[in-house]
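Heads up: the structure comes next, in structure tokens.
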Amino acid sequence: MRPDRLLSTALFHPLHRLRSDGGKPRLPILMYHSVSADPERGVAAYYKVNIGPAVFRRHLRQLVEAGYRTMDVAGLARLVGGGEPLPPKTVVITFDDGFRNIYTEAFPVLQEHRFTATVFLPTAFIQGERRCFNGTECLTWDEVRQLRKAGVEFGSHSVSHPELVEAAWKEVEREVRDSRAEIEQQLGEAVTTFAYPYAFPQANRPFAKALRNLLIEAGYSCCVTTEIGRVKAGDDPYRLKRLPANGLDDPAFFQAKLEGGYDWLAWPQGMVKKFKQGMPGRGKGTHAAVQVKHAAAD
């Protein structure tokens, strides 16, 4: 059995139920990617991103049975940014990478349960004609517009889905600004939400600070990350934590994630990232650019 599931369901979830959040709800943002039967052979359980259609349907049914309702990322950002209390029994459903199966598999189930969601698009792979990202078909702009009319929110996931922390700063600016501009042009409305591609480099504080400033300058109201945990009132809207969800999340594990039994993993996740940040050759490109940028601003 995978250790994160065992510790979450057998230890941390029961412990969390014994303590109180002080009447201040913590809101889970679920991070999905592809709704597909692909077993992702050779990928460790923690890193799998696919969820089978039947399991996805079970997740949503479990949310309904537990009394959850949904809101989109922009709505959550307004509450967090305004310092307002978060509503109880509320969940945010997100999808990264803009895959076609969001339209064919996920959306019908969302609609059935009257749930909303936020989809983050890497715009280089979203075109008038079908394109693929990592071997999986992506949405077209026509499909994006259809989903938007039905209430699905769209945000930016950069242009080409690079590891931004390893890119030159000019490239980071282009990825952040151009993706937003393209989605706004295609949808004819403001786009204010951003999802950081790949693992968020929280250990690289100069980069994280510079990225936050860039997102604000570019017109974004928030950024969701891969940092594990749930959102509470007073959190930084440009560092919103999420809970990864995939096809191996059985009912007990999924419930543990929703109710705080998975939040403990934020600490070892942070330690691993700090270790990787200290390894030779890591974070040199953008880190150096950010240092120069800050020096020039002082």
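FYI, nothing fancy with the structure tokens labels: chains A, B, ... in order, residues from 1 per chain, ligands from 1 as they appear.
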Which parts of range 158-268 of chain A does DSSP call helix (DSSP H, G or I) when run on the backbone here, written out as a count of residues only?
50
Would you list the contacts of range 258-271 of chain A as a compact mmCIF listing (two decimals) with N, CA and C atoms, in the first residue's frame, taking every protein, DNA or RNA residue within 9 Å and counting only C-alpha atoms, but skipping same-chain residues closer than 5 positions in sequence?
```txt
# COMPACT_ATOMS: atom_id res chain seq x y z
N ASP A 4 1.56 7.30 1.57
CA ASP A 4 0.78 8.53 1.81
C ASP A 4 -0.69 8.19 2.06
N ARG A 5 -1.21 7.15 1.37
CA ARG A 5 -2.59 6.74 1.63
C ARG A 5 -2.73 6.13 3.01
N LEU A 7 -0.86 6.49 5.76
CA LEU A 7 -0.73 7.48 6.84
C LEU A 7 -1.92 8.43 6.88
N SER A 8 -2.44 8.78 5.72
CA SER A 8 -3.57 9.71 5.67
C SER A 8 -4.83 9.10 6.24
N THR A 9 -5.16 7.88 5.81
CA THR A 9 -6.42 7.26 6.21
C THR A 9 -6.37 6.65 7.61
N LEU A 11 -3.97 7.36 10.13
CA LEU A 11 -3.41 8.17 11.21
C LEU A 11 -3.89 9.62 11.16
N PHE A 12 -3.56 10.33 10.10
CA PHE A 12 -3.78 11.78 10.11
C PHE A 12 -5.26 12.17 9.96
N HIS A 13 -6.03 11.41 9.20
CA HIS A 13 -7.45 11.74 9.10
C HIS A 13 -8.16 11.53 10.44
N PRO A 14 -7.97 10.40 11.12
CA PRO A 14 -8.59 10.26 12.45
C PRO A 14 -8.12 11.32 13.43
N LEU A 15 -6.83 11.67 13.40
CA LEU A 15 -6.32 12.71 14.30
C LEU A 15 -6.96 14.05 13.99
N HIS A 16 -7.12 14.35 12.70
CA HIS A 16 -7.70 15.63 12.32
C HIS A 16 -9.14 15.74 12.80
N ARG A 17 -9.86 14.65 12.80
CA ARG A 17 -11.25 14.68 13.25
C ARG A 17 -11.36 15.00 14.74
N ARG A 26 -11.78 25.22 6.07
CA ARG A 26 -10.71 25.14 5.08
C ARG A 26 -11.29 24.52 3.83
N LEU A 27 -11.04 25.14 2.71
CA LEU A 27 -11.71 24.76 1.46
C LEU A 27 -10.76 23.99 0.56
N PRO A 28 -11.14 22.78 0.13
CA PRO A 28 -10.28 22.00 -0.76
C PRO A 28 -10.41 22.43 -2.22
N ILE A 29 -9.27 22.60 -2.87
CA ILE A 29 -9.24 22.78 -4.33
C ILE A 29 -8.69 21.48 -4.91
N LEU A 30 -9.52 20.75 -5.63
CA LEU A 30 -9.11 19.48 -6.21
C LEU A 30 -8.39 19.72 -7.53
N VAL A 91 -16.28 23.06 -2.34
CA VAL A 91 -15.08 22.53 -2.98
C VAL A 91 -14.89 23.22 -4.32
N GLN A 202 8.45 26.61 -4.27
CA GLN A 202 8.28 27.42 -3.07
C GLN A 202 9.59 27.68 -2.33
N ALA A 203 10.58 26.80 -2.52
CA ALA A 203 11.86 27.00 -1.85
C ALA A 203 12.67 28.13 -2.47
N GLU A 227 1.31 23.05 -4.36
CA GLU A 227 1.53 22.90 -2.93
C GLU A 227 0.31 22.20 -2.32
N ILE A 228 0.56 21.22 -1.47
CA ILE A 228 -0.53 20.40 -0.93
C ILE A 228 -1.17 21.08 0.27
N GLY A 229 -2.50 21.00 0.29
CA GLY A 229 -3.24 21.53 1.43
C GLY A 229 -4.56 22.11 1.00
N ARG A 230 -5.30 22.64 1.98
CA ARG A 230 -6.58 23.29 1.72
C ARG A 230 -6.44 24.78 2.00
N LEU A 243 -5.22 19.94 -3.78
CA LEU A 243 -5.14 18.53 -3.44
C LEU A 243 -5.13 17.71 -4.73
N PHE A 253 -9.73 7.34 0.93
CA PHE A 253 -8.61 8.25 0.68
C PHE A 253 -9.13 9.61 0.20
N LYS A 276 15.96 19.75 -3.27
CA LYS A 276 16.21 19.84 -4.71
C LYS A 276 16.71 21.22 -5.09
```
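For the set A:Asn134, A:Thr94, A:Thr192, A:Thr226, the residue with the smallest atom-to-atom gap to Lys241 in chain A is A:Thr226, counting only C-alpha atoms.
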Top pick for closest residue to Arg148 in chain A, considering A:Leu60, A:Val272, A:Val119, A:Ala37 and counting only C-alpha atoms:
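Ranking A:Leu60, A:Val272, A:Val119, A:Ala37 by distance to Arg148 in chain A, first place goes to A:Val119.
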Of the candidates A:Gly81, A:Leu147, A:Arg212, A:Lys89, which one gets nearest to Gly67 in chain A if we count only C-alpha atoms?
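Ranked by minimum distance to Gly67 in chain A, first place goes to A:Lys89.
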Compile the contact shell of Gly155 in chain A as an MDAnalysis selection string: residues with an atom at most 7 Å away, counting only C-alpha atoms, same-chain residues fewer than 5 positions apart removed.
chainID A and resid 119:121 191:194
